[in-house]
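Peer 1: Input structure: start_7.cif, which contains mmCIF, C-alpha atoms and all ligand atoms.
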data_coords
loop_
_atom_site.label_atom_id
_atom_site.label_comp_id
_atom_site.auth_asym_id
_atom_site.auth_seq_id
_atom_site.Cartn_x
_atom_site.Cartn_y
_atom_site.Cartn_z
CA MET V 1 22.61 -86.49 -1.64
CA VAL V 2 19.28 -84.94 -0.78
CA GLU V 3 18.90 -86.24 2.76
CA LYS V 4 20.66 -83.95 5.19
CA ASN V 5 19.23 -84.89 8.59
CA TYR V 6 20.52 -87.99 10.29
CA ASP V 7 20.46 -89.76 13.63
CA VAL V 8 24.20 -90.35 13.49
CA ALA V 9 26.77 -88.59 11.29
CA VAL V 10 30.15 -90.32 11.22
CA CYS V 11 32.91 -87.97 10.10
CA GLY V 12 35.84 -89.75 8.43
CA GLY V 13 35.64 -93.17 6.81
CA GLY V 14 38.82 -94.81 8.09
CA VAL V 15 38.67 -98.12 9.97
CA ALA V 16 37.23 -96.34 13.03
CA GLY V 17 34.59 -94.50 10.99
CA VAL V 18 33.55 -97.61 9.12
CA ALA V 19 33.18 -99.55 12.39
CA ALA V 20 31.23 -96.68 13.99
CA ALA V 21 28.88 -96.38 10.99
CA LEU V 22 28.27 -100.14 10.89
CA ALA V 23 27.53 -100.26 14.63
CA ALA V 24 25.10 -97.32 14.47
CA ALA V 25 23.30 -98.42 11.28
CA ARG V 26 22.92 -102.00 12.51
CA ARG V 27 21.05 -100.55 15.50
CA GLY V 28 18.50 -98.93 13.22
CA MET V 29 20.04 -95.46 13.11
CA LYS V 30 19.76 -93.36 9.98
CA THR V 31 23.51 -93.06 9.51
CA VAL V 32 25.72 -91.09 7.15
CA LEU V 33 29.46 -91.68 6.69
CA ILE V 34 31.32 -88.68 5.29
CA GLU V 35 34.74 -89.29 3.74
CA LYS V 36 37.03 -86.86 1.93
CA THR V 37 38.65 -89.45 -0.34
CA ILE V 38 36.81 -91.96 -2.51
CA LEU V 39 37.96 -94.99 -0.50
CA PRO V 40 36.80 -96.23 2.88
CA GLY V 41 39.60 -97.47 5.16
CA GLY V 42 41.74 -94.36 5.65
CA LEU V 43 45.36 -95.18 6.46
CA ALA V 44 44.62 -98.92 6.21
CA THR V 45 43.73 -98.53 2.50
CA SER V 46 44.65 -95.07 1.16
CA GLY V 47 47.75 -95.17 3.38
CA LEU V 48 48.62 -98.72 2.16
CA VAL V 49 49.18 -99.84 5.75
CA LEU V 50 47.98 -103.42 5.01
CA VAL V 51 49.11 -105.08 8.28
CA TYR V 52 46.14 -105.83 10.53
CA LEU V 53 47.92 -105.87 13.90
CA PRO V 54 46.90 -108.41 16.58
CA LEU V 55 43.57 -108.85 18.27
CA CYS V 56 45.32 -110.83 21.02
CA ASN V 57 47.83 -110.21 23.77
CA ALA V 58 51.32 -111.68 23.47
CA ARG V 59 50.29 -114.65 25.66
CA GLY V 60 47.92 -116.26 23.20
CA THR V 61 44.63 -114.80 24.46
CA GLN V 62 42.26 -113.03 22.12
CA MET V 63 41.25 -109.67 23.61
CA ILE V 64 39.48 -107.78 20.82
CA TYR V 65 36.25 -109.10 19.29
CA GLY V 66 33.28 -107.52 17.51
CA ILE V 67 33.62 -105.53 14.30
CA ALA V 68 37.42 -105.45 14.67
CA GLU V 69 37.45 -109.23 14.26
CA GLU V 70 34.77 -109.13 11.55
CA LEU V 71 36.98 -106.75 9.52
CA LEU V 72 40.12 -108.82 10.10
CA ILE V 73 38.41 -111.94 8.80
CA ALA V 74 36.68 -110.11 5.92
CA SER V 75 39.75 -108.08 4.88
CA ASN V 76 40.97 -110.78 2.50
CA LYS V 77 37.57 -111.81 1.13
CA TYR V 78 38.63 -110.71 -2.35
CA GLY V 79 42.08 -112.23 -1.92
CA PRO V 80 44.72 -113.27 -1.41
CA LEU V 81 45.56 -114.24 2.21
CA THR V 82 43.80 -116.06 5.08
CA PRO V 83 44.15 -115.44 8.81
CA ASP V 84 45.82 -118.48 10.40
CA PRO V 85 43.16 -120.35 12.47
CA ASP V 86 45.98 -122.12 14.35
CA TRP V 87 47.71 -118.94 15.52
CA GLN V 88 47.33 -119.98 19.18
CA LYS V 89 48.72 -123.50 18.73
CA LYS V 90 51.65 -122.14 16.74
CA GLY V 91 52.44 -119.51 19.37
CA ARG V 92 51.69 -116.74 16.88
CA ARG V 93 49.56 -113.62 17.22
CA TYR V 94 46.08 -113.23 15.76
CA MET V 95 46.76 -110.86 12.87
CA VAL V 96 46.85 -110.83 9.09
CA ASN V 97 48.19 -108.87 6.14
CA PHE V 98 45.63 -107.76 3.57
CA SER V 99 45.34 -106.23 0.13
CA PRO V 100 44.14 -102.61 0.54
CA GLY V 101 41.98 -103.06 -2.58
CA SER V 102 40.33 -106.15 -1.13
CA MET V 103 39.64 -104.26 2.09
CA VAL V 104 37.98 -101.40 0.21
CA LEU V 105 35.66 -103.80 -1.65
CA VAL V 106 34.67 -105.50 1.60
CA MET V 107 34.06 -102.23 3.43
CA ASP V 108 31.84 -100.96 0.58
CA GLU V 109 29.90 -104.21 0.78
CA LEU V 110 29.43 -104.14 4.56
CA LEU V 111 28.39 -100.47 4.59
CA GLU V 112 25.87 -101.09 1.82
CA ALA V 113 24.42 -104.14 3.59
CA ALA V 114 24.05 -102.16 6.84
CA GLY V 115 22.22 -99.35 5.04
CA VAL V 116 24.82 -96.66 5.75
CA GLU V 117 24.54 -93.66 3.44
CA VAL V 118 28.08 -93.00 2.25
CA TRP V 119 29.19 -89.59 1.00
CA LEU V 120 32.55 -89.88 -0.75
CA ASP V 121 34.75 -87.09 -2.06
CA THR V 122 33.19 -84.90 0.62
CA VAL V 123 35.24 -82.85 3.04
CA ILE V 124 34.04 -81.50 6.37
CA THR V 125 34.85 -77.81 6.49
CA GLY V 126 33.01 -76.38 9.47
CA CYS V 127 30.49 -76.86 12.21
CA LYS V 128 27.71 -75.12 14.07
CA VAL V 129 27.52 -75.30 17.84
CA GLU V 130 24.49 -74.24 19.89
CA ASN V 131 24.49 -74.21 23.69
CA ASN V 132 27.73 -76.20 23.72
CA ARG V 133 26.20 -78.93 21.58
CA LEU V 134 27.31 -79.78 18.04
CA LYS V 135 24.22 -79.41 15.85
CA GLU V 136 25.40 -79.28 12.27
CA ILE V 137 28.46 -79.62 10.06
CA SER V 138 29.28 -78.00 6.72
CA VAL V 139 30.66 -80.26 4.03
CA PHE V 140 31.94 -79.49 0.56
CA ASN V 141 31.69 -81.72 -2.49
CA LYS V 142 30.74 -81.48 -6.17
CA SER V 143 27.32 -80.16 -5.15
CA GLY V 144 28.93 -77.24 -3.32
CA THR V 145 28.56 -76.58 0.39
CA VAL V 146 25.90 -78.65 2.15
CA GLN V 147 24.79 -78.51 5.81
CA VAL V 148 24.35 -81.86 7.53
CA SER V 149 22.57 -82.12 10.87
CA ALA V 150 22.49 -85.10 13.20
CA GLU V 151 21.49 -86.03 16.73
CA THR V 152 25.00 -87.34 17.40
CA PHE V 153 28.29 -86.97 15.57
CA VAL V 154 31.34 -89.24 15.62
CA ASP V 155 34.74 -87.66 15.00
CA ALA V 156 36.67 -90.43 13.24
CA THR V 157 38.78 -88.10 11.11
CA GLY V 158 42.07 -89.53 12.40
CA ASP V 159 43.44 -86.13 13.42
CA ALA V 160 40.30 -84.87 15.22
CA ASP V 161 39.60 -82.41 12.40
CA LEU V 162 35.96 -82.06 13.42
CA LEU V 163 36.61 -81.29 17.07
CA TYR V 164 39.52 -79.02 16.15
CA LEU V 165 37.18 -77.08 13.85
CA ALA V 166 34.72 -76.87 16.74
CA GLY V 167 37.43 -75.25 18.89
CA GLU V 168 38.08 -78.18 21.24
CA PRO V 169 41.55 -78.33 22.84
CA CYS V 170 43.77 -81.01 21.29
CA ASN V 171 47.04 -82.86 21.95
CA TYR V 172 49.81 -83.14 19.35
CA SER V 173 52.75 -85.42 18.71
CA GLU V 174 55.88 -85.46 16.60
CA ASN V 175 56.00 -87.80 13.61
CA SER V 176 58.94 -89.68 12.12
CA MET V 177 59.35 -89.78 8.35
CA VAL V 178 57.93 -92.88 6.75
CA LEU V 179 56.81 -93.84 3.27
CA TRP V 180 55.03 -97.06 2.42
CA THR V 181 54.66 -97.94 -1.22
CA ILE V 182 53.43 -101.05 -2.94
CA GLU V 183 56.02 -101.86 -5.52
CA HIS V 184 57.23 -104.43 -7.99
CA ASN V 185 60.62 -105.52 -6.75
CA GLU V 186 62.23 -108.63 -8.20
CA HIS V 187 65.10 -108.37 -5.73
CA VAL V 188 63.09 -108.45 -2.54
CA LYS V 189 63.63 -111.31 -0.15
CA SER V 190 60.45 -111.14 1.86
CA GLY V 191 60.00 -113.36 4.89
CA ASN V 192 56.33 -112.69 5.40
CA ASP V 193 52.95 -113.32 3.84
CA LEU V 194 53.66 -110.91 1.03
CA ASP V 195 55.77 -113.72 -0.49
CA SER V 196 52.59 -115.03 -2.02
CA TRP V 197 52.12 -111.79 -4.00
CA SER V 198 54.73 -112.29 -6.64
CA HIS V 199 57.25 -109.46 -6.57
CA VAL V 200 54.97 -107.21 -4.60
CA ALA V 201 56.69 -105.59 -1.66
CA ILE V 202 56.15 -102.85 0.84
CA HIS V 203 58.86 -100.29 0.85
CA ALA V 204 59.21 -98.53 4.18
CA ASP V 205 61.74 -95.81 4.71
CA PRO V 206 64.46 -96.98 7.14
CA LEU V 207 63.95 -95.56 10.60
CA ALA V 208 67.76 -95.28 10.85
CA ASN V 209 67.40 -92.06 8.91
CA PRO V 210 64.92 -90.13 11.02
CA TYR V 211 63.16 -87.00 9.95
CA THR V 212 60.83 -85.58 12.49
CA TYR V 213 57.98 -83.10 12.20
CA GLU V 214 56.21 -81.63 15.17
CA HIS V 215 52.65 -80.37 15.31
CA LEU V 216 50.17 -80.82 12.56
CA SER V 217 49.53 -78.06 10.03
CA GLY V 218 48.65 -77.81 6.36
CA LYS V 219 52.26 -77.03 5.50
CA MET V 220 53.64 -79.81 7.68
CA VAL V 221 51.51 -82.41 5.89
CA THR V 222 52.64 -81.20 2.46
CA ASP V 223 56.34 -81.05 3.44
CA PHE V 224 56.12 -84.47 5.10
CA VAL V 225 54.57 -86.14 2.08
CA LEU V 226 56.90 -84.48 -0.46
CA GLU V 227 59.99 -85.42 1.58
CA GLY V 228 58.87 -89.05 1.71
CA ARG V 229 58.48 -89.21 -2.07
CA ARG V 230 61.80 -87.33 -2.56
CA ARG V 231 63.53 -90.05 -0.53
CA TYR V 232 61.90 -92.82 -2.53
CA ARG V 233 63.05 -91.25 -5.82
CA LYS V 234 66.57 -91.03 -4.43
CA LEU V 235 66.49 -94.70 -3.43
CA LEU V 236 65.38 -95.81 -6.90
CA GLN V 237 68.02 -93.58 -8.54
CA LYS V 238 70.74 -94.91 -6.20
CA GLU V 239 69.85 -98.54 -6.87
CA ALA V 240 69.89 -97.92 -10.62
CA ALA V 241 73.26 -96.10 -10.42
CA GLU V 242 74.75 -98.97 -8.42
CA GLY V 243 73.35 -101.60 -10.79
CA ILE V 244 71.26 -103.19 -8.00
CA SER V 245 68.03 -102.85 -9.99
CA ASP V 246 66.64 -101.03 -12.98
CA ARG V 247 63.32 -99.46 -13.96
CA ARG V 248 61.97 -102.84 -15.16
CA SER V 249 62.87 -104.85 -12.05
CA HIS V 250 62.04 -102.35 -9.30
CA TYR V 251 59.35 -99.71 -9.66
CA PRO V 252 56.38 -98.31 -7.74
CA LEU V 253 52.95 -99.84 -8.39
CA THR V 254 51.07 -97.37 -6.24
CA LEU V 255 51.75 -94.64 -3.71
CA GLN V 256 49.89 -93.52 -0.60
CA THR V 257 47.00 -91.11 -1.10
CA GLN V 258 46.67 -90.30 2.61
CA ALA V 259 49.53 -88.66 4.53
CA PRO V 260 51.29 -91.34 6.64
CA ILE V 261 50.84 -89.55 9.95
CA ARG V 262 50.75 -91.91 12.88
CA LYS V 263 49.92 -89.52 15.69
CA GLY V 264 48.97 -86.06 14.51
CA ARG V 265 46.32 -84.53 16.69
CA CYS V 266 43.95 -86.08 19.21
CA ILE V 267 41.29 -84.70 21.49
CA GLN V 268 41.80 -83.66 25.07
CA GLY V 269 39.08 -85.86 26.47
CA CYS V 270 37.29 -86.15 29.79
CA PHE V 271 40.14 -88.55 30.59
CA THR V 272 43.53 -88.86 28.88
CA MET V 273 45.32 -92.19 28.70
CA GLU V 274 49.06 -91.77 29.28
CA THR V 275 52.38 -93.58 29.46
CA GLY V 276 52.44 -95.90 32.48
CA MET V 277 48.69 -96.59 32.52
CA GLU V 278 49.08 -100.09 31.10
CA SER V 279 47.50 -102.81 33.28
CA ARG V 280 45.35 -100.17 34.99
CA SER V 281 41.65 -100.91 35.42
CA PHE V 282 39.00 -98.27 34.80
CA GLU V 283 35.47 -98.22 36.17
CA ASP V 284 34.24 -97.09 32.74
CA SER V 285 36.27 -99.55 30.65
CA VAL V 286 34.97 -100.08 27.11
CA GLY V 287 37.48 -102.78 26.27
CA SER V 288 40.85 -104.34 26.98
CA ILE V 289 43.56 -104.59 24.35
CA GLY V 290 46.87 -106.36 23.95
CA ASP V 291 49.67 -103.96 23.02
CA TRP V 292 50.83 -104.76 19.48
CA ARG V 293 54.46 -104.25 20.57
CA GLY V 294 54.57 -106.92 23.28
CA LYS V 295 53.21 -108.03 26.59
CA LYS V 296 51.57 -104.87 27.91
CA VAL V 297 47.78 -104.75 28.16
CA TRP V 298 45.59 -101.67 28.38
CA GLN V 299 41.99 -100.81 29.19
CA ILE V 300 40.29 -97.99 27.37
CA PRO V 301 38.05 -95.80 29.54
CA TYR V 302 34.88 -94.47 27.92
CA ARG V 303 35.83 -90.95 29.04
CA SER V 304 38.82 -91.00 26.65
CA LEU V 305 36.35 -90.98 23.74
CA LEU V 306 34.46 -87.95 25.10
CA PRO V 307 35.71 -84.42 24.33
CA CYS V 308 36.20 -82.40 27.50
CA ASN V 309 33.76 -79.59 26.53
CA LEU V 310 31.52 -80.10 23.55
CA ARG V 311 28.40 -82.30 23.74
CA GLY V 312 26.66 -84.30 21.01
CA VAL V 313 29.90 -85.74 19.65
CA ILE V 314 32.20 -88.65 20.46
CA ALA V 315 35.69 -89.47 19.13
CA ALA V 316 36.95 -92.78 17.72
CA GLY V 317 40.15 -94.24 16.31
CA ARG V 318 43.57 -92.66 16.50
CA CYS V 319 42.20 -89.32 17.76
CA ILE V 320 40.79 -90.52 21.09
CA SER V 321 42.39 -88.91 24.13
CA ALA V 322 45.64 -90.83 24.52
CA ILE V 323 49.18 -89.49 24.64
CA GLY V 324 52.69 -90.99 24.83
CA ASP V 325 52.88 -94.74 25.03
CA ALA V 326 49.09 -95.04 25.33
CA TRP V 327 48.66 -93.27 21.95
CA GLU V 328 51.14 -95.71 20.42
CA ALA V 329 49.11 -98.68 21.73
CA THR V 330 45.67 -97.35 20.77
CA ARG V 331 46.29 -95.83 17.32
CA VAL V 332 46.53 -99.13 15.38
CA ILE V 333 43.92 -100.74 13.10
CA PRO V 334 42.32 -103.28 15.51
CA VAL V 335 41.99 -100.74 18.32
CA ALA V 336 40.69 -98.05 15.93
CA ALA V 337 38.02 -100.53 14.80
CA MET V 338 37.21 -101.32 18.42
CA THR V 339 36.85 -97.70 19.59
CA GLY V 340 34.90 -97.04 16.38
CA GLU V 341 32.40 -99.72 17.31
CA VAL V 342 32.14 -98.37 20.85
CA ALA V 343 31.48 -94.86 19.48
CA GLY V 344 28.83 -96.17 17.07
CA ILE V 345 27.07 -98.13 19.82
CA ALA V 346 27.22 -95.18 22.23
CA ALA V 347 25.93 -92.82 19.54
CA ALA V 348 23.00 -95.13 18.76
CA MET V 349 22.12 -95.59 22.42
CA SER V 350 22.27 -91.83 23.03
CA VAL V 351 19.96 -91.11 20.10
CA LYS V 352 17.47 -93.75 21.27
CA GLN V 353 17.47 -92.25 24.76
CA GLY V 354 17.36 -88.63 23.59
CA GLN V 355 20.69 -87.94 25.31
CA THR V 356 24.24 -87.05 24.38
CA PRO V 357 27.07 -89.63 24.63
CA HIS V 358 28.31 -87.74 27.72
CA ASP V 359 25.05 -88.49 29.57
CA LEU V 360 24.82 -92.16 28.69
CA ALA V 361 24.55 -94.48 31.70
CA TYR V 362 27.74 -96.54 31.66
CA PRO V 363 26.17 -99.81 32.95
CA GLU V 364 23.84 -99.89 29.93
CA LEU V 365 26.72 -99.28 27.52
CA ALA V 366 28.81 -101.93 29.26
CA ALA V 367 25.97 -104.46 29.00
CA GLU V 368 25.65 -103.83 25.25
CA LEU V 369 29.42 -104.11 24.75
CA ARG V 370 29.52 -107.41 26.65
CA LYS V 371 26.73 -108.67 24.40
CA GLN V 372 29.04 -107.98 21.44
CA GLY V 373 31.77 -110.06 23.11
CA PHE V 374 33.89 -107.15 24.35
CA LEU V 375 36.33 -107.98 27.17
CA LEU V 376 35.89 -105.07 29.53
CA GLU V 377 38.14 -106.60 32.21
CA TYR V 378 41.58 -108.07 31.67
CA PRO V 379 41.66 -111.84 31.05
CA GLU V 380 42.98 -114.01 33.93
C1 LIG G 1 53.18 -95.28 8.27
C2 LIG G 1 52.18 -95.96 9.14
C3 LIG G 1 52.30 -97.30 9.39
C4 LIG G 1 51.35 -97.95 10.16
N1 LIG G 1 51.47 -99.29 10.36
C5 LIG G 1 50.46 -99.97 10.95
C6 LIG G 1 50.43 -101.37 10.94
O1 LIG G 1 51.34 -102.03 10.43
N2 LIG G 1 49.33 -101.99 11.49
C7 LIG G 1 48.32 -101.31 12.10
O2 LIG G 1 47.39 -101.94 12.60
N3 LIG G 1 48.35 -99.96 12.13
C8 LIG G 1 49.36 -99.29 11.55
N4 LIG G 1 49.33 -97.92 11.49
C9 LIG G 1 48.25 -97.20 12.18
C10 LIG G 1 46.91 -97.34 11.53
O3 LIG G 1 47.00 -97.52 10.15
C11 LIG G 1 46.03 -96.12 11.76
O4 LIG G 1 46.30 -95.48 12.97
C12 LIG G 1 44.57 -96.53 11.75
O5 LIG G 1 44.28 -97.13 10.51
C13 LIG G 1 43.76 -95.27 12.03
O6 LIG G 1 42.42 -95.44 11.68
P1 LIG G 1 41.41 -94.23 11.90
O7 LIG G 1 40.14 -94.65 11.28
O8 LIG G 1 41.43 -93.81 13.32
O9 LIG G 1 42.04 -92.98 11.12
P2 LIG G 1 42.41 -92.79 9.54
O10 LIG G 1 42.81 -94.06 8.94
O11 LIG G 1 43.34 -91.66 9.53
O12 LIG G 1 41.00 -92.36 8.93
C14 LIG G 1 40.50 -91.07 9.00
C15 LIG G 1 39.61 -90.83 7.80
O13 LIG G 1 39.00 -89.55 7.91
C16 LIG G 1 39.04 -88.88 6.68
N5 LIG G 1 39.04 -87.44 6.94
C17 LIG G 1 39.96 -86.73 7.61
N6 LIG G 1 39.62 -85.44 7.67
C18 LIG G 1 38.43 -85.33 7.02
C19 LIG G 1 37.57 -84.24 6.73
N7 LIG G 1 37.84 -82.98 7.13
N8 LIG G 1 36.45 -84.50 6.01
C20 LIG G 1 36.15 -85.75 5.60
N9 LIG G 1 36.93 -86.82 5.87
C21 LIG G 1 38.06 -86.61 6.56
C22 LIG G 1 40.34 -89.36 6.03
O14 LIG G 1 40.31 -89.21 4.64
C23 LIG G 1 40.38 -90.82 6.48
O15 LIG G 1 39.78 -91.68 5.58
C24 LIG G 1 50.28 -97.23 10.72
C25 LIG G 1 50.14 -95.87 10.45
C26 LIG G 1 51.09 -95.23 9.67
C27 LIG G 1 50.94 -93.77 9.39
#
For this file, write the structure as structure tokens.

Peer 2:
Amino acid sequence: MVEKNYDVAVCGGGVAGVAAALAAARRGMKTVLIEKTILPGGLATSGLVLVYLPLCNARGTQMIYGIAEELLIASNKYGPLTPDPDWQKKGRRYMVNFSPGSMVLVMDELLEAAGVEVWLDTVITGCKVENNRLKEISVFNKSGTVQVSAETFVDATGDADLLYLAGEPCNYSENSMVLWTIEHNEHVKSGNDLDSWSHVAIHADPLANPYTYEHLSGKMVTDFVLEGRRRYRKLLQKEAAEGISDRRSHYPLTLQTQAPIRKGRCIQGCFTMETGMESRSFEDSVGSIGDWRGKKVWQIPYRSLLPCNLRGVIAAGRCISAIGDAWEATRVIPVAAMTGEVAGIAAAMSVKQGQTPHDLAYPELAAELRKQGFLLEYPE
């Protein structure tokens, strides 16, 4: 970890950060990816989320391409499932479940092949702004505090930690209690792909028993996580007391190592996507998506990735500027990968042109995105 000056510094190695780093490095940028855990993938891996939601709309048309599709196909390279090539003929959606471990191995491999310098176990703790431009971040790891400078930064921290630290205004949401575990459960009757993983099940806390936290804070995250695990203990104790299962037939194999926060904090961007904006067209569209919940379709405007004040930085993933229903549609794995790729491409183009992502000429970005197969307009 001697090199501290980069073209592009991607902050946060979730799906969005991985996609951003791949896109930037594949365009010749000296790229660093900084991640506070030791696993790439964020919620998709450390959060055990393991359901790669659809790349298509609910009418059988693929809408998301590029690195999002590359990751969907690669996610099961080290086993055990395969995306169904006949999803269209069977009237299904283009999605797949994956082993979080398999996904980590694949992401490591792709990042290495692209030449991304990965800093694991490294947390971003601060930043230096000059003339309203982000110049440098402070990170902490086993070497102590290190300053990292870059021409362009990508905030892919999931909860906009970087831009929050830089003093940018943010939006917040409430979060319902949820706990996903991967467990051995001989009593599970699974109707999905997980059948093929003998006795492996996802446990998700029933939504019928809601527990809501508002506004992100250090205490909220701790309380949220501890309450989830408290509930899981109670469930196992209850099942044992009722003779439904015992400690040999139903037990946890692994627990989440990232807080399961769906919508914590996102930036207030140059444009904010909101409830009711589905089917709307934007002159600066960077891609169209099918809503994972059903038939709605959305376009993502480039301005929703740009913080409203600070220059030299672009957001990606679940912390782009989207609230309400739009946040719900854009926060999921395929869309996080897609906005990550857009951010990585925009960062690389800005560096090459000596500009910030805010100053990038949209027609040039659009041309590059089309080259990658992005659908900027809605399909017929
Ligand atoms: C319970 C739950 C269930 C879900 N179910 C599904 C589902 O079935 N299918 C689906 O597609 N999506 C689902 N999602 C949503 C989806 O998993 C995430 O929204 C998506 O993976 C977000 O990716 P991201 O890269 O934007 O953010 P994250 O995955 O949050 O990644 C952010 C990364 O940044 C790192 N980071 C944060 N702060 C710092 C810092 N200061 N310094 C260094 N690194 C930092 C984190 O460690 C993390 O790796 C679910 C989410 C939750 C919580």

Peer 1: My list of candidates is V:Glu364, V:Asp223, V:Glu341, V:Glu109. Which is closest to Tyr65 of chain V when distances are computed with all atoms listed in the file?

Peer 2: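 The closest residue to Tyr65 of chain V is V:Glu341.
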
Peer 1: When you count only C-alpha atoms and all ligand atoms, which of these residues is closest to ligand LIG 1 (chain G): V:Pro169, V:Gly126, V:Gly317, V:Gly324?

Peer 2: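 Nearest to ligand LIG 1 (chain G): V:Gly317.
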
Peer 1: I'd like the interatomic distance between atom CA of Thr356 of chain V and atom CA of Phe153 of chain V, to a tenth of an Å.

Peer 2: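 Atom-to-atom, atom CA of Thr356 of chain V and atom CA of Phe153 of chain V are spaced 9.7 Å apart.
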
Peer 1: Can you tell me, as a PyMOL selection string, which residues sit within 12 Å of (62.2, -101.8, -15.3) in the file's frame, using only C-alpha atoms?

Peer 2: chain V and resi 183-187+236+239-240+244-253

Peer 1: Within 7 Å of ligand LIG 1 (chain G), which residues of chain V come that close, and what is the closest atom pair and distance in Å for each? Count only C-alpha atoms and all ligand atoms and give it as JSON lines.

Peer 2:
{"residue": "V:Cys11", "atom": "CA", "partner": "G:LIG1", "partner_atom": "N9", "distance": 5.9}
{"residue": "V:Gly12", "atom": "CA", "partner": "G:LIG1", "partner_atom": "O13", "distance": 3.2}
{"residue": "V:Gly13", "atom": "CA", "partner": "G:LIG1", "partner_atom": "O15", "distance": 4.6}
{"residue": "V:Gly14", "atom": "CA", "partner": "G:LIG1", "partner_atom": "O12", "distance": 3.4}
{"residue": "V:Val15", "atom": "CA", "partner": "G:LIG1", "partner_atom": "O7", "distance": 4.0}
{"residue": "V:Ala16", "atom": "CA", "partner": "G:LIG1", "partner_atom": "O7", "distance": 3.8}
{"residue": "V:Gly17", "atom": "CA", "partner": "G:LIG1", "partner_atom": "O7", "distance": 5.6}
{"residue": "V:Ile34", "atom": "CA", "partner": "G:LIG1", "partner_atom": "C20", "distance": 5.7}
{"residue": "V:Glu35", "atom": "CA", "partner": "G:LIG1", "partner_atom": "N9", "distance": 3.9}
{"residue": "V:Lys36", "atom": "CA", "partner": "G:LIG1", "partner_atom": "C20", "distance": 3.9}
{"residue": "V:Thr37", "atom": "CA", "partner": "G:LIG1", "partner_atom": "O14", "distance": 5.3}
{"residue": "V:Pro40", "atom": "CA", "partner": "G:LIG1", "partner_atom": "O15", "distance": 6.1}
{"residue": "V:Gly41", "atom": "CA", "partner": "G:LIG1", "partner_atom": "O15", "distance": 5.8}
{"residue": "V:Gly42", "atom": "CA", "partner": "G:LIG1", "partner_atom": "O15", "distance": 3.3}
{"residue": "V:Leu43", "atom": "CA", "partner": "G:LIG1", "partner_atom": "O10", "distance": 3.7}
{"residue": "V:Ala44", "atom": "CA", "partner": "G:LIG1", "partner_atom": "O5", "distance": 4.7}
{"residue": "V:Gly47", "atom": "CA", "partner": "G:LIG1", "partner_atom": "C27", "distance": 6.9}
{"residue": "V:Val49", "atom": "CA", "partner": "G:LIG1", "partner_atom": "N1", "distance": 5.2}
{"residue": "V:Leu50", "atom": "CA", "partner": "G:LIG1", "partner_atom": "O1", "distance": 6.5}
{"residue": "V:Val51", "atom": "CA", "partner": "G:LIG1", "partner_atom": "O1", "distance": 4.3}
{"residue": "V:Tyr52", "atom": "CA", "partner": "G:LIG1", "partner_atom": "O2", "distance": 4.6}
{"residue": "V:Leu53", "atom": "CA", "partner": "G:LIG1", "partner_atom": "O2", "distance": 4.2}
{"residue": "V:Thr122", "atom": "CA", "partner": "G:LIG1", "partner_atom": "C20", "distance": 5.9}
{"residue": "V:Val123", "atom": "CA", "partner": "G:LIG1", "partner_atom": "N8", "distance": 3.6}
{"residue": "V:Ile124", "atom": "CA", "partner": "G:LIG1", "partner_atom": "N8", "distance": 3.9}
{"residue": "V:Thr125", "atom": "CA", "partner": "G:LIG1", "partner_atom": "N7", "distance": 6.0}
{"residue": "V:Ala156", "atom": "CA", "partner": "G:LIG1", "partner_atom": "C14", "distance": 5.7}
{"residue": "V:Thr157", "atom": "CA", "partner": "G:LIG1", "partner_atom": "O13", "distance": 3.5}
{"residue": "V:Gly158", "atom": "CA", "partner": "G:LIG1", "partner_atom": "O9", "distance": 3.7}
{"residue": "V:Asp159", "atom": "CA", "partner": "G:LIG1", "partner_atom": "O11", "distance": 6.8}
{"residue": "V:Asp161", "atom": "CA", "partner": "G:LIG1", "partner_atom": "N7", "distance": 5.6}
{"residue": "V:Leu162", "atom": "CA", "partner": "G:LIG1", "partner_atom": "N7", "distance": 6.6}
{"residue": "V:Val178", "atom": "CA", "partner": "G:LIG1", "partner_atom": "C1", "distance": 5.5}
{"residue": "V:Leu179", "atom": "CA", "partner": "G:LIG1", "partner_atom": "C1", "distance": 6.3}
{"residue": "V:Trp180", "atom": "CA", "partner": "G:LIG1", "partner_atom": "C1", "distance": 6.4}
{"residue": "V:Gln258", "atom": "CA", "partner": "G:LIG1", "partner_atom": "O14", "distance": 6.8}
{"residue": "V:Pro260", "atom": "CA", "partner": "G:LIG1", "partner_atom": "C27", "distance": 3.7}
{"residue": "V:Ile261", "atom": "CA", "partner": "G:LIG1", "partner_atom": "C27", "distance": 4.3}
{"residue": "V:Arg262", "atom": "CA", "partner": "G:LIG1", "partner_atom": "C27", "distance": 4.0}
{"residue": "V:Ala316", "atom": "CA", "partner": "G:LIG1", "partner_atom": "O8", "distance": 6.4}
{"residue": "V:Gly317", "atom": "CA", "partner": "G:LIG1", "partner_atom": "O8", "distance": 3.3}
{"residue": "V:Arg318", "atom": "CA", "partner": "G:LIG1", "partner_atom": "O8", "distance": 4.0}
{"residue": "V:Cys319", "atom": "CA", "partner": "G:LIG1", "partner_atom": "O8", "distance": 6.4}
{"residue": "V:Arg331", "atom": "CA", "partner": "G:LIG1", "partner_atom": "O4", "distance": 4.4}
{"residue": "V:Val332", "atom": "CA", "partner": "G:LIG1", "partner_atom": "N3", "distance": 3.8}
{"residue": "V:Ile333", "atom": "CA", "partner": "G:LIG1", "partner_atom": "O2", "distance": 3.7}
{"residue": "V:Pro334", "atom": "CA", "partner": "G:LIG1", "partner_atom": "O2", "distance": 6.0}
{"residue": "V:Ala336", "atom": "CA", "partner": "G:LIG1", "partner_atom": "O8", "distance": 5.0}
